[in-house]
Amino acid sequence: MADSSSILIIGAGELGTAVLEALARHPERRGAQLAVLLRPSTIESQDPVKKTQHEHLRSLGAALVAADIAHDAVDDLAMVFGRYHTVIACSGFGLPPGTQVKITKAVLQAGVPRYFPWQWGIDYDIVGQGSAQDLFDEQLRVRALLRGQRGTDWVIVSTGVFMSFLFQPAFGVVDLPRRTLRALGAWDAEVSVTEVRDIGAVAAQLAYESPGEEVRSQVVYVAGDTLSYARLADLVQERFGGEWRRELWDEEVLRGRLEQNPADGMAKYASVWAKGEGVAWDKRDTLNERRGIEMMSVERYLRELPDLR
């Protein structure tokens, strides 16, 4: 049986590292054993950047565990997962279709007591099947697996879009290098966003909750900010000044992009946000507001960005 204080984090990218740092530094850690799952080739890499990252992970008290979630079989992953009380999935972008379902099946097969799936994002129940981003259908299959069993408690944390992703030029909303601002769907449409370090803080608090008091088998919502695209554009212009171009990417515009290039992944993402369903919620109703967890707003995030050249 897994030690009740053992936690496995899948992945050490932006989110996985933030979750590990929050778990390692949380006052309720009390000797919890932390581990990070990485591909064997990643752990064995002699690349200086990766070696530095691994040193950072180990400095936080995390063991490095080798497994390949993309290619290992369910049985093999279940053997690894079964050694831990809590599994927190922090790896999702760029993985082959079906990977999140496979991870979830392995977690359930292993009888992991508590599971945080890779669902850090929008409300897939509201988005529904058949959205422009076909990868989201898999998220609904994960939810169906979890809701169809009672052996593993699970927590889905809906965070909205990651704050950093909102400022990725490829996503299109805030393109700082080109001084271009865009609305997805409509300028008065709203979007919920959360900074990744705040997601880590919430994950740590939920992971360390006392037995009997923890959130169990439900979806919770967090947000550092919920704001309209018009308000976002105003904040960016106030922060950096100068001339900015504003463009509206409504569903028709994005549909045209997908007709020209059906494999355009970013256009698929943008199309879901342009539809405007399941991508925003009232900050007053979030877990962080109810528990008094301070989170970074878009305005504060902008203040911390370097000036534009």
# chains A, B, ... in the order shown; residues from 1 in each chain; ligands from 1
call {"tool": "residues_around", "arguments": {"residues": "Ser6 of chain A", "least_positions_apart": "6", "cutoff": "10 Å", "atoms": "only C-alpha atoms", "output": "PyMOL selection string"}}
result
chain A and resi 31-35+83-87
call {"tool": "residues_around", "arguments": {"residues": "Gly276 of chain A", "least_positions_apart": "6", "cutoff": "9 Å", "atoms": "only C-alpha atoms", "output": "list of chain:residue names"}}
result
A:Val127, A:Leu184, A:Gly185, A:Ala186, A:Ala189, A:Glu190, A:Val191
call {"tool": "select_by_dssp", "arguments": {"residues": "segment 185-228 of chain A", "states": "alpha helix (DSSP H)", "output": "list in words"}}
result
Val196, Arg197, Asp198, Ile199, Gly200, Ala201, Val202, Ala203, Ala204, Gln205, Leu206 and Ala207 of chain A
call {"tool": "select_by_dssp", "arguments": {"residues": "segment 118-297 of chain A", "states": "strand (DSSP E or B)", "output": "PyMOL selection string"}}
result
chain A and resi 121+153-158+161-162+174-175+180-184+190-194+218-221+225-228+245-249
call {"tool": "residues_around", "arguments": {"residues": "segment 255-264 of chain A", "least_positions_apart": "5", "cutoff": "10 Å", "atoms": "only C-alpha atoms", "output": "JSON, numbers by chain"}}
result
{"A": [132, 133, 249, 250, 269, 271]}
call {"tool": "write_last_selection", "arguments": {"atoms": "C-alpha atoms", "output": "PDB file, in the first residue's frame"}}
result
ATOM      1  CA  ALA A 132     -13.391  22.762 -32.645  1.00  0.00           C
ATOM      2  CA  GLN A 133     -10.512  21.425 -30.528  1.00  0.00           C
ATOM      3  CA  TRP A 249     -11.349  37.060 -34.329  1.00  0.00           C
ATOM      4  CA  ASP A 250     -14.939  35.857 -34.265  1.00  0.00           C
ATOM      5  CA  TYR A 269      -8.015  26.481 -29.346  1.00  0.00           C
ATOM      6  CA  SER A 271     -12.243  28.770 -31.839  1.00  0.00           C
TER       7      SER A 271
END
call {"tool": "residues_around", "arguments": {"residues": "Met296 of chain A", "least_positions_apart": "4", "cutoff": "7 Å", "atoms": "only C-alpha atoms", "output": "short mmCIF file (atom, residue, chain, number, x, y, z; two decimals) with C-alpha atoms, in the first residue's frame"}}
result
data_model
loop_
_atom_site.label_atom_id
_atom_site.label_comp_id
_atom_site.auth_asym_id
_atom_site.auth_seq_id
_atom_site.Cartn_x
_atom_site.Cartn_y
_atom_site.Cartn_z
CA GLU A 195 -1.00 32.34 -13.24
CA GLY A 224 -6.66 34.98 -10.79
CA ARG A 300 -0.20 42.81 -11.71
CA TYR A 301 1.15 40.29 -14.23
#
call {"tool": "closest_residue", "arguments": {"among": "A:Gly111, A:Arg246, A:Leu181, A:Ser217", "to": "Arg147 of chain A", "atoms": "only C-alpha atoms"}}
result
A:Ser217
call {"tool": "atom_distance", "arguments": {"atom1": "atom CA of Leu38 of chain A", "atom2": "atom CA of Ile69 of chain A"}}
result
8.6 Å
call {"tool": "atom_distance", "arguments": {"atom1": "atom CA of Asp198 of chain A", "atom2": "atom CA of Phe165 of chain A"}}
result
14.4 Å
call {"tool": "closest_residue", "arguments": {"among": "A:Glu209, A:Glu289, A:Glu138, A:Asp75", "to": "Pro97 of chain A", "atoms": "only C-alpha atoms"}}
result
A:Glu138
call {"tool": "closest_residue", "arguments": {"among": "A:Glu213, A:Asp282, A:Asp225, A:Asp234", "to": "Thr194 of chain A", "atoms": "only C-alpha atoms"}}
result
A:Asp225
call {"tool": "atom_distance", "arguments": {"atom1": "atom CA of Lys283 of chain A", "atom2": "atom CA of Leu135 of chain A"}}
result
26.5 Å
call {"tool": "closest_residue", "arguments": {"among": "A:Gly61, A:Ile7, A:Gln129, A:Leu23", "to": "Val80 of chain A", "atoms": "only C-alpha atoms"}}
result
A:Ile7
